[in-house]
>>> print(open('entry04.txt').read())   # compact mmCIF, C-alpha atoms
# COMPACT_ATOMS: atom_id res chain seq x y z
CA LYS S 263 2.65 -16.79 -6.08
CA GLN S 264 4.21 -14.56 -3.44
CA GLU S 265 2.71 -14.69 0.05
CA VAL S 266 3.66 -12.29 2.81
CA THR S 267 2.94 -12.99 6.46
CA GLN S 268 3.29 -10.66 9.42
CA ILE S 269 3.53 -11.71 13.04
CA PRO S 270 2.14 -10.68 15.45
CA ALA S 271 -1.17 -9.36 14.16
CA ALA S 272 -1.39 -7.00 17.12
CA LEU S 273 1.06 -5.80 19.72
CA SER S 274 0.68 -3.59 22.78
CA VAL S 275 3.72 -2.26 24.61
CA PRO S 276 4.46 0.39 27.23
CA GLU S 277 6.15 3.57 26.12
CA GLY S 278 9.94 3.38 25.91
CA GLU S 279 10.19 -0.29 24.98
CA ASN S 280 12.18 -1.52 22.03
CA LEU S 281 10.19 -3.83 19.79
CA VAL S 282 10.49 -6.02 16.71
CA LEU S 283 7.91 -6.64 14.03
CA ASN S 284 8.31 -9.67 11.82
CA CYS S 285 7.61 -10.22 8.15
CA SER S 286 8.14 -13.37 6.10
CA PHE S 287 7.74 -14.00 2.38
CA THR S 288 7.59 -17.23 0.41
CA ASP S 289 9.34 -16.24 -2.82
CA SER S 290 12.87 -15.01 -2.22
CA ALA S 291 13.17 -13.62 -5.77
CA ILE S 292 12.19 -10.14 -4.66
CA TYR S 293 13.37 -6.83 -6.05
CA ASN S 294 12.97 -4.99 -2.79
CA LEU S 295 11.01 -5.00 0.46
CA GLN S 296 9.22 -1.98 1.84
CA TRP S 297 7.83 -1.16 5.28
CA PHE S 298 4.85 1.16 5.58
CA ARG S 299 2.89 2.80 8.33
CA GLN S 300 -0.89 3.23 8.10
CA ASP S 301 -2.91 5.35 10.50
CA PRO S 302 -6.64 4.61 10.83
CA GLY S 303 -8.59 5.71 7.77
CA LYS S 304 -5.47 6.97 6.06
CA GLY S 305 -3.21 5.94 3.23
CA LEU S 306 0.25 4.47 3.58
CA THR S 307 3.43 6.25 4.55
CA SER S 308 6.64 4.65 3.35
CA LEU S 309 9.08 4.10 6.20
CA LEU S 310 11.98 2.12 4.78
CA LEU S 311 12.84 0.39 1.54
CA ILE S 312 15.49 -2.31 1.38
CA GLN S 313 16.81 -3.33 -2.02
CA SER S 314 17.43 -7.04 -2.55
CA SER S 315 21.20 -6.46 -2.43
CA GLN S 316 21.02 -4.76 0.95
CA ARG S 317 20.80 -6.26 4.42
CA GLU S 318 19.39 -3.35 6.37
CA GLN S 319 18.23 0.24 6.30
CA THR S 320 17.95 2.74 9.13
CA SER S 321 15.92 5.88 9.59
CA GLY S 322 15.92 7.53 12.99
CA ARG S 323 14.58 5.08 15.56
CA LEU S 324 13.66 2.56 12.86
CA ASN S 325 15.86 -0.20 11.53
CA ALA S 326 14.74 -2.75 8.98
CA SER S 327 16.68 -5.87 8.08
CA LEU S 328 16.34 -8.25 5.18
CA ASP S 329 17.42 -11.89 4.88
CA LYS S 330 16.41 -13.04 1.42
CA SER S 331 17.69 -16.59 1.85
CA SER S 332 15.37 -17.21 4.79
CA GLY S 333 12.57 -15.07 3.42
CA ARG S 334 12.44 -12.75 6.42
CA SER S 335 12.49 -9.09 7.29
CA THR S 336 12.24 -7.39 10.64
CA LEU S 337 11.37 -3.84 11.63
CA TYR S 338 13.01 -2.73 14.85
CA ILE S 339 11.58 0.29 16.64
CA ALA S 340 13.71 1.75 19.40
CA ALA S 341 12.36 3.64 22.39
CA SER S 342 8.75 3.40 21.27
CA GLN S 343 6.41 6.38 21.71
CA PRO S 344 2.60 6.68 21.77
CA GLY S 345 2.87 8.44 18.41
CA ASP S 346 4.22 5.21 16.94
CA SER S 347 0.80 3.61 17.40
CA ALA S 348 -0.40 2.56 13.94
CA THR S 349 -0.60 -0.46 11.66
CA TYR S 350 2.71 -1.46 10.14
CA LEU S 351 2.67 -3.22 6.78
CA CYS S 352 5.49 -4.91 4.97
CA ALA S 353 5.36 -5.49 1.24
CA ALA S 354 7.62 -7.45 -1.08
CA TYR S 355 8.14 -6.24 -4.64
CA SER S 356 8.52 -9.08 -7.11
CA GLY S 357 10.36 -8.06 -10.23
CA SER S 358 8.70 -10.71 -12.34
CA ALA S 359 5.20 -9.76 -11.24
CA ARG S 360 6.06 -6.05 -11.05
CA GLN S 361 3.82 -5.54 -8.08
CA LEU S 362 3.89 -5.26 -4.32
CA THR S 363 2.47 -8.08 -2.25
CA PHE S 364 1.36 -6.90 1.17
CA GLY S 365 1.25 -8.64 4.50
CA SER S 366 -1.85 -8.27 6.63
CA GLY S 367 -0.10 -5.87 9.00
CA THR S 368 0.77 -5.59 12.68
CA GLN S 369 -1.39 -3.23 14.69
CA LEU S 370 0.88 -1.56 17.23
CA THR S 371 -0.34 0.25 20.33
CA VAL S 372 2.18 2.08 22.48
CA LEU S 373 0.73 2.88 25.88
CA PRO S 374 1.75 6.12 27.60
CA GLY Y 240 9.63 13.93 -0.54
CA ALA Y 241 7.46 12.44 -3.23
CA VAL Y 242 3.80 13.21 -2.85
CA VAL Y 243 0.76 11.50 -4.28
CA SER Y 244 -2.54 13.33 -4.04
CA GLN Y 245 -5.80 11.39 -4.09
CA HIS Y 246 -9.18 13.06 -4.40
CA PRO Y 247 -11.82 12.97 -3.05
CA SER Y 248 -11.01 11.65 0.40
CA ARG Y 249 -14.58 10.59 1.06
CA VAL Y 250 -17.63 9.96 -1.08
CA ILE Y 251 -21.14 9.08 0.00
CA CYS Y 252 -23.63 8.48 -2.76
CA LYS Y 253 -26.70 6.55 -3.81
CA SER Y 254 -26.68 3.14 -5.39
CA GLY Y 255 -26.38 3.31 -9.18
CA THR Y 256 -24.14 6.39 -9.20
CA SER Y 257 -20.78 6.35 -10.94
CA VAL Y 258 -17.89 7.71 -8.90
CA LYS Y 259 -14.54 8.97 -10.18
CA ILE Y 260 -11.43 9.01 -8.01
CA GLU Y 261 -8.32 10.90 -9.07
CA CYS Y 262 -4.72 10.08 -8.25
CA ARG Y 263 -1.96 12.58 -9.02
CA SER Y 264 1.78 12.45 -8.56
CA LEU Y 265 2.70 15.99 -7.60
CA ASP Y 266 6.46 16.16 -7.92
CA PHE Y 267 7.49 13.25 -10.09
CA GLN Y 268 6.43 11.50 -13.25
CA ALA Y 269 4.80 8.19 -12.49
CA THR Y 270 5.52 5.54 -15.09
CA THR Y 271 3.16 3.20 -13.30
CA MET Y 272 0.22 3.71 -11.00
CA PHE Y 273 -1.56 1.11 -8.92
CA TRP Y 274 -5.07 0.93 -7.51
CA TYR Y 275 -5.79 -0.99 -4.33
CA ARG Y 276 -8.87 -1.84 -2.34
CA GLN Y 277 -8.79 -2.33 1.41
CA PHE Y 278 -11.49 -3.91 3.52
CA PRO Y 279 -11.72 -3.16 7.28
CA LYS Y 280 -8.86 -4.69 9.25
CA GLN Y 281 -7.44 -6.32 6.14
CA SER Y 282 -4.46 -5.61 3.99
CA LEU Y 283 -4.39 -3.97 0.60
CA MET Y 284 -5.63 -5.93 -2.38
CA LEU Y 285 -4.21 -4.91 -5.73
CA MET Y 286 -6.98 -4.23 -8.23
CA ALA Y 287 -5.08 -3.07 -11.28
CA THR Y 288 -1.83 -1.69 -12.60
CA SER Y 289 -1.80 1.11 -15.13
CA ASN Y 290 0.96 2.47 -17.30
CA GLU Y 291 0.68 5.84 -18.95
CA GLY Y 292 -0.92 5.63 -22.36
CA SER Y 293 -1.80 1.95 -22.24
CA LYS Y 294 -4.64 -0.18 -20.97
CA ALA Y 295 -4.66 -1.16 -17.34
CA THR Y 296 -3.83 -4.69 -16.27
CA TYR Y 297 -6.50 -6.01 -13.94
CA GLU Y 298 -6.01 -8.62 -11.26
CA GLN Y 299 -8.00 -11.80 -11.38
CA GLY Y 300 -11.53 -11.33 -10.14
CA VAL Y 301 -11.63 -7.57 -10.70
CA GLU Y 302 -14.27 -6.52 -13.21
CA LYS Y 303 -12.72 -4.16 -15.74
CA ASP Y 304 -16.12 -2.88 -16.86
CA LYS Y 305 -16.98 -2.08 -13.28
CA PHE Y 306 -13.73 -0.38 -12.36
CA LEU Y 307 -12.60 1.80 -15.25
CA ILE Y 308 -9.03 3.01 -15.08
CA ASN Y 309 -7.56 5.76 -17.19
CA HIS Y 310 -3.90 6.80 -17.06
CA ALA Y 311 -3.91 9.68 -19.49
CA SER Y 312 -0.67 11.35 -18.40
CA LEU Y 313 2.45 10.64 -16.38
CA THR Y 314 0.97 12.44 -13.40
CA LEU Y 315 -2.70 11.45 -13.41
CA SER Y 316 -4.66 8.24 -13.16
CA THR Y 317 -8.39 7.94 -12.51
CA LEU Y 318 -10.53 5.10 -11.22
CA THR Y 319 -14.23 5.22 -12.03
CA VAL Y 320 -16.55 2.90 -10.14
CA THR Y 321 -19.46 2.53 -12.52
CA SER Y 322 -23.03 2.02 -11.31
CA ALA Y 323 -21.81 1.60 -7.75
CA HIS Y 324 -23.65 -0.67 -5.34
CA PRO Y 325 -23.36 -1.10 -1.56
CA GLU Y 326 -20.93 -4.00 -1.99
CA ASP Y 327 -18.53 -1.57 -3.69
CA SER Y 328 -18.23 0.39 -0.45
CA SER Y 329 -14.62 0.23 0.60
CA PHE Y 330 -11.38 2.15 1.05
CA TYR Y 331 -9.61 2.70 -2.27
CA ILE Y 332 -5.94 3.67 -2.35
CA CYS Y 333 -3.73 4.59 -5.27
CA SER Y 334 0.01 4.55 -5.48
CA ALA Y 335 2.59 5.70 -7.99
CA ILE Y 336 6.09 4.67 -8.84
CA GLU Y 337 8.68 6.65 -10.77
CA GLY Y 338 10.60 3.66 -12.03
CA LEU Y 339 11.39 0.01 -11.42
CA GLY Y 340 12.92 -0.55 -8.02
CA GLN Y 341 11.86 2.85 -6.74
CA PRO Y 342 9.61 3.18 -3.67
CA GLN Y 343 5.87 3.21 -4.16
CA HIS Y 344 4.24 6.38 -2.88
CA PHE Y 345 0.66 6.19 -1.73
CA GLY Y 346 -2.25 8.58 -1.72
CA ASP Y 347 -4.31 9.12 1.42
CA GLY Y 348 -7.12 6.93 0.16
CA THR Y 349 -10.79 7.45 -0.67
CA ARG Y 350 -13.51 6.15 1.60
CA LEU Y 351 -16.43 5.20 -0.67
CA SER Y 352 -19.81 4.60 0.91
CA ILE Y 353 -22.71 3.55 -1.29
CA LEU Y 354 -26.14 3.84 0.29
>>> encode(input="entry04.txt", output="structure tokens")
Amino acid sequence: KQEVTQIPAALSVPEGENLVLNCSFTDSAIYNLQWFRQDPGKGLTSLLLIQSSQREQTSGRLNASLDKSSGRSTLYIAASQPGDSATYLCAAYSGSARQLTFGSGTQLTVLP
Amino acid sequence: GAVVSQHPSRVICKSGTSVKIECRSLDFQATTMFWYRQFPKQSLMLMATSNEGSKATYEQGVEKDKFLINHASLTLSTLTVTSAHPEDSSFYICSAIEGLGQPQHFGDGTRLSIL
């Protein structure tokens, strides 16, 4: 059974810092890995999706990497802003199970 | 981009009431829709997966008679919480996927509060 872990659970940084969020998964037979953002009381916004054949994806100040062999993904946020404050979730899609398995999230606070 | 609309966003009702939540894909046909439940400060827990025109597949521990799922068309799935009780209070989120390997798109969630 797939298990997804995110470290740290919470992170507080001053505005302008570059930061890395970590995600690990136990079953490397994934179809893709997706990073989401969740604001309090809201649904999920998809940030980046990395297919199993890819190593990274970039969107603006966000860069996500994937290393299937080690079961790890990272989300890099450059020049963080207070508006980046949210909970970031990673989720691995297992082709066999045909479902996303979510990590517990990293709650990010960017201080102005 | 792809949009999933979930309605209502918040429901407050008395114990014993049945509550229906709708999930619509607005600009794509969703072959599969998912229903999740999220407790405070926890991650999403998959409740069930539904494919258009077929019965939903429920995760272990989820009562299918309690949480009725209907996926009548490629753009609409509904979750009905039957005879809701305070322990059913939670944040329910739906998502939809156009095809295998495509991103999942999520609704904004429904905050259900049972008094």
>>> closest_residue(input="entry04.txt", among="Y:Ala311, Y:Val320, Y:Ile332, Y:Cys252", to="chain S", atoms="all atoms listed in the file")
Y:Ile332
>>> residues_near_point(input="entry04.txt", point="(-10.6, 9.0, -8.8)", cutoff="8 Å", atoms="only C-alpha atoms", output="list of chain:residue names")
Y:Gln245, Y:His246, Y:Pro247, Y:Val258, Y:Lys259, Y:Ile260, Y:Glu261, Y:Cys262, Y:Ser316, Y:Thr317, Y:Leu318, Y:Thr319
>>> closest_residue(input="entry04.txt", among="S:Thr320, S:Asn294, S:Ser332, S:Gln361", to="Met272 of chain Y", atoms="all atoms listed in the file")
S:Gln361
>>> closest_residue(input="entry04.txt", among="Y:Ser264, Y:Ser254, Y:Thr296, Y:Ser312", to="Pro325 of chain Y", atoms="all atoms listed in the file")
Y:Ser254
>>> closest_atom_pairs(input="entry04.txt", of="chain S", to="chain Y", cutoff="7 Å", atoms="all atoms listed in the file", output="tab-separated table")
residue	atom	partner	partner_atom	distance
S:Tyr293	CA	Y:Gly340	CA	6.6
S:Asn294	CA	Y:Gly340	CA	6.9
S:Lys304	CA	Y:Asp347	CA	5.2
S:Gly305	CA	Y:Asp347	CA	3.8
S:Leu306	CA	Y:Phe345	CA	5.6
S:Thr307	CA	Y:Phe345	CA	6.9
S:Ser308	CA	Y:His344	CA	6.9
S:Leu311	CA	Y:Pro342	CA	6.7
S:Phe364	CA	Y:Leu283	CA	6.5
S:Gly365	CA	Y:Ser282	CA	6.5
S:Ser366	CA	Y:Ser282	CA	4.6
S:Gly367	CA	Y:Ser282	CA	6.6
>>> closest_residue(input="entry04.txt", among="Y:Ser244, Y:Arg263, Y:Leu313, Y:Trp274", to="Ala295 of chain Y", atoms="all atoms listed in the file")
Y:Trp274
>>> axis_aligned_box(input="entry04.txt", around="segment 300-309 of chain S", padding_each_side="5 Å", output="lines of an AutoDock Vina configuration file")
center_x = 0.2
center_y = 5.1
center_z = 7.0
size_x = 27.7
size_y = 13.7
size_z = 17.6
>>> residues_around(input="entry04.txt", residues="Ser274 of chain S", least_positions_apart="2", cutoff="10 Å", atoms="only C-alpha atoms", output="MDAnalysis selection string")
chainID S and resid 272 276:277 281 347 369:373
>>> atom_distance(input="entry04.txt", atom1="atom CA of Asn309 of chain Y", atom2="atom CA of Asn290 of chain Y")
9.1 Å
>>> atom_distance(input="entry04.txt", atom1="atom CA of Thr288 of chain S", atom2="atom CA of Thr270 of chain Y")
27.6 Å
>>> atom_distance(input="entry04.txt", atom1="atom CA of Thr256 of chain Y", atom2="atom CA of Ser322 of chain Y")
5.0 Å
>>> residues_around(input="entry04.txt", residues="Thr363 of chain S", least_positions_apart="6", cutoff="8 Å", atoms="all atoms listed in the file", output="PyMOL selection string")
chain S and resi 264-266+353-356
>>> residues_around(input="entry04.txt", residues="Asp304 of chain Y", least_positions_apart="3", cutoff="9 Å", atoms="all atoms listed in the file", output="count of residues only")
4
>>> build_atoms(input="entry04.txt", residues="segment 315-351 of chain Y", atoms="N, CA and C atoms", output="PDB file, keeping the file's coordinate frame")
ATOM      1  N   LEU Y 315      -1.285  11.596 -13.769  1.00  0.00           N
ATOM      2  CA  LEU Y 315      -2.700  11.450 -13.410  1.00  0.00           C
ATOM      3  C   LEU Y 315      -3.248  10.098 -13.833  1.00  0.00           C
ATOM      4  N   SER Y 316      -3.895   9.434 -12.876  1.00  0.00           N
ATOM      5  CA  SER Y 316      -4.660   8.240 -13.160  1.00  0.00           C
ATOM      6  C   SER Y 316      -6.014   8.385 -12.477  1.00  0.00           C
ATOM      7  N   THR Y 317      -7.057   7.878 -13.112  1.00  0.00           N
ATOM      8  CA  THR Y 317      -8.390   7.940 -12.510  1.00  0.00           C
ATOM      9  C   THR Y 317      -8.999   6.548 -12.457  1.00  0.00           C
ATOM     10  N   LEU Y 318      -9.754   6.331 -11.394  1.00  0.00           N
ATOM     11  CA  LEU Y 318     -10.530   5.100 -11.220  1.00  0.00           C
ATOM     12  C   LEU Y 318     -11.992   5.500 -11.157  1.00  0.00           C
ATOM     13  N   THR Y 319     -12.800   4.954 -12.044  1.00  0.00           N
ATOM     14  CA  THR Y 319     -14.230   5.220 -12.030  1.00  0.00           C
ATOM     15  C   THR Y 319     -14.965   3.938 -11.649  1.00  0.00           C
ATOM     16  N   VAL Y 320     -15.705   4.012 -10.560  1.00  0.00           N
ATOM     17  CA  VAL Y 320     -16.550   2.900 -10.140  1.00  0.00           C
ATOM     18  C   VAL Y 320     -17.909   3.125 -10.787  1.00  0.00           C
ATOM     19  N   THR Y 321     -18.234   2.307 -11.762  1.00  0.00           N
ATOM     20  CA  THR Y 321     -19.460   2.530 -12.520  1.00  0.00           C
ATOM     21  C   THR Y 321     -20.657   1.847 -11.859  1.00  0.00           C
ATOM     22  N   SER Y 322     -21.786   2.551 -11.869  1.00  0.00           N
ATOM     23  CA  SER Y 322     -23.030   2.020 -11.310  1.00  0.00           C
ATOM     24  C   SER Y 322     -22.752   1.344  -9.957  1.00  0.00           C
ATOM     25  N   ALA Y 323     -22.251   2.148  -9.040  1.00  0.00           N
ATOM     26  CA  ALA Y 323     -21.810   1.600  -7.750  1.00  0.00           C
ATOM     27  C   ALA Y 323     -22.968   1.042  -6.939  1.00  0.00           C
ATOM     28  N   HIS Y 324     -22.674  -0.036  -6.214  1.00  0.00           N
ATOM     29  CA  HIS Y 324     -23.650  -0.670  -5.340  1.00  0.00           C
ATOM     30  C   HIS Y 324     -23.050  -0.785  -3.944  1.00  0.00           C
ATOM     31  N   PRO Y 325     -23.872  -1.048  -2.940  1.00  0.00           N
ATOM     32  CA  PRO Y 325     -23.360  -1.100  -1.560  1.00  0.00           C
ATOM     33  C   PRO Y 325     -22.143  -2.010  -1.376  1.00  0.00           C
ATOM     34  N   GLU Y 326     -22.074  -3.095  -2.132  1.00  0.00           N
ATOM     35  CA  GLU Y 326     -20.930  -4.000  -1.990  1.00  0.00           C
ATOM     36  C   GLU Y 326     -19.622  -3.397  -2.502  1.00  0.00           C
ATOM     37  N   ASP Y 327     -19.730  -2.272  -3.210  1.00  0.00           N
ATOM     38  CA  ASP Y 327     -18.530  -1.570  -3.690  1.00  0.00           C
ATOM     39  C   ASP Y 327     -17.968  -0.639  -2.620  1.00  0.00           C
ATOM     40  N   SER Y 328     -18.704  -0.464  -1.542  1.00  0.00           N
ATOM     41  CA  SER Y 328     -18.230   0.390  -0.450  1.00  0.00           C
ATOM     42  C   SER Y 328     -16.929  -0.165   0.093  1.00  0.00           C
ATOM     43  N   SER Y 329     -15.931   0.687   0.172  1.00  0.00           N
ATOM     44  CA  SER Y 329     -14.620   0.230   0.600  1.00  0.00           C
ATOM     45  C   SER Y 329     -13.683   1.425   0.686  1.00  0.00           C
ATOM     46  N   PHE Y 330     -12.440   1.140   1.030  1.00  0.00           N
ATOM     47  CA  PHE Y 330     -11.380   2.150   1.050  1.00  0.00           C
ATOM     48  C   PHE Y 330     -10.499   1.888  -0.164  1.00  0.00           C
ATOM     49  N   TYR Y 331     -10.394   2.860  -1.048  1.00  0.00           N
ATOM     50  CA  TYR Y 331      -9.610   2.700  -2.270  1.00  0.00           C
ATOM     51  C   TYR Y 331      -8.363   3.564  -2.161  1.00  0.00           C
ATOM     52  N   ILE Y 332      -7.220   2.962  -2.464  1.00  0.00           N
ATOM     53  CA  ILE Y 332      -5.940   3.670  -2.350  1.00  0.00           C
ATOM     54  C   ILE Y 332      -5.167   3.544  -3.655  1.00  0.00           C
ATOM     55  N   CYS Y 333      -4.585   4.641  -4.090  1.00  0.00           N
ATOM     56  CA  CYS Y 333      -3.730   4.590  -5.270  1.00  0.00           C
ATOM     57  C   CYS Y 333      -2.279   4.755  -4.850  1.00  0.00           C
ATOM     58  N   SER Y 334      -1.403   4.313  -5.700  1.00  0.00           N
ATOM     59  CA  SER Y 334       0.010   4.550  -5.480  1.00  0.00           C
ATOM     60  C   SER Y 334       0.688   4.788  -6.816  1.00  0.00           C
ATOM     61  N   ALA Y 335       1.855   5.384  -6.768  1.00  0.00           N
ATOM     62  CA  ALA Y 335       2.590   5.700  -7.990  1.00  0.00           C
ATOM     63  C   ALA Y 335       4.061   5.397  -7.800  1.00  0.00           C
ATOM     64  N   ILE Y 336       4.681   5.010  -8.887  1.00  0.00           N
ATOM     65  CA  ILE Y 336       6.090   4.670  -8.840  1.00  0.00           C
ATOM     66  C   ILE Y 336       6.791   5.363 -10.010  1.00  0.00           C
ATOM     67  N   GLU Y 337       7.967   5.915  -9.727  1.00  0.00           N
ATOM     68  CA  GLU Y 337       8.680   6.650 -10.770  1.00  0.00           C
ATOM     69  C   GLU Y 337       9.378   5.705 -11.731  1.00  0.00           C
ATOM     70  N   GLY Y 338       9.908   4.619 -11.186  1.00  0.00           N
ATOM     71  CA  GLY Y 338      10.600   3.660 -12.030  1.00  0.00           C
ATOM     72  C   GLY Y 338      10.795   2.355 -11.300  1.00  0.00           C
ATOM     73  N   LEU Y 339      11.206   1.327 -12.011  1.00  0.00           N
ATOM     74  CA  LEU Y 339      11.390   0.010 -11.420  1.00  0.00           C
ATOM     75  C   LEU Y 339      12.400   0.067 -10.283  1.00  0.00           C
ATOM     76  N   GLY Y 340      12.026  -0.535  -9.173  1.00  0.00           N
ATOM     77  CA  GLY Y 340      12.920  -0.550  -8.020  1.00  0.00           C
ATOM     78  C   GLY Y 340      12.798   0.648  -7.124  1.00  0.00           C
ATOM     79  N   GLN Y 341      12.057   1.658  -7.568  1.00  0.00           N
ATOM     80  CA  GLN Y 341      11.860   2.850  -6.740  1.00  0.00           C
ATOM     81  C   GLN Y 341      10.717   2.602  -5.751  1.00  0.00           C
ATOM     82  N   PRO Y 342      10.695   3.364  -4.648  1.00  0.00           N
ATOM     83  CA  PRO Y 342       9.610   3.180  -3.670  1.00  0.00           C
ATOM     84  C   PRO Y 342       8.261   3.524  -4.273  1.00  0.00           C
ATOM     85  N   GLN Y 343       7.225   2.831  -3.809  1.00  0.00           N
ATOM     86  CA  GLN Y 343       5.870   3.210  -4.160  1.00  0.00           C
ATOM     87  C   GLN Y 343       5.400   4.272  -3.178  1.00  0.00           C
ATOM     88  N   HIS Y 344       4.774   5.307  -3.708  1.00  0.00           N
ATOM     89  CA  HIS Y 344       4.240   6.380  -2.880  1.00  0.00           C
ATOM     90  C   HIS Y 344       2.728   6.338  -2.965  1.00  0.00           C
ATOM     91  N   PHE Y 345       2.094   6.399  -1.803  1.00  0.00           N
ATOM     92  CA  PHE Y 345       0.660   6.190  -1.730  1.00  0.00           C
ATOM     93  C   PHE Y 345      -0.113   7.471  -1.479  1.00  0.00           C
ATOM     94  N   GLY Y 346      -1.314   7.519  -2.043  1.00  0.00           N
ATOM     95  CA  GLY Y 346      -2.250   8.580  -1.720  1.00  0.00           C
ATOM     96  C   GLY Y 346      -2.869   8.315  -0.356  1.00  0.00           C
ATOM     97  N   ASP Y 347      -3.676   9.244   0.107  1.00  0.00           N
ATOM     98  CA  ASP Y 347      -4.310   9.120   1.420  1.00  0.00           C
ATOM     99  C   ASP Y 347      -5.581   8.292   1.395  1.00  0.00           C
ATOM    100  N   GLY Y 348      -5.969   7.821   0.226  1.00  0.00           N
ATOM    101  CA  GLY Y 348      -7.120   6.930   0.160  1.00  0.00           C
ATOM    102  C   GLY Y 348      -8.438   7.672  -0.013  1.00  0.00           C
ATOM    103  N   THR Y 349      -9.428   6.934  -0.506  1.00  0.00           N
ATOM    104  CA  THR Y 349     -10.790   7.450  -0.670  1.00  0.00           C
ATOM    105  C   THR Y 349     -11.749   6.473  -0.007  1.00  0.00           C
ATOM    106  N   ARG Y 350     -12.501   6.983   0.943  1.00  0.00           N
ATOM    107  CA  ARG Y 350     -13.510   6.150   1.600  1.00  0.00           C
ATOM    108  C   ARG Y 350     -14.799   6.281   0.804  1.00  0.00           C
ATOM    109  N   LEU Y 351     -15.213   5.197   0.155  1.00  0.00           N
ATOM    110  CA  LEU Y 351     -16.430   5.200  -0.670  1.00  0.00           C
ATOM    111  C   LEU Y 351     -17.542   4.477   0.070  1.00  0.00           C
TER     112      LEU Y 351
END
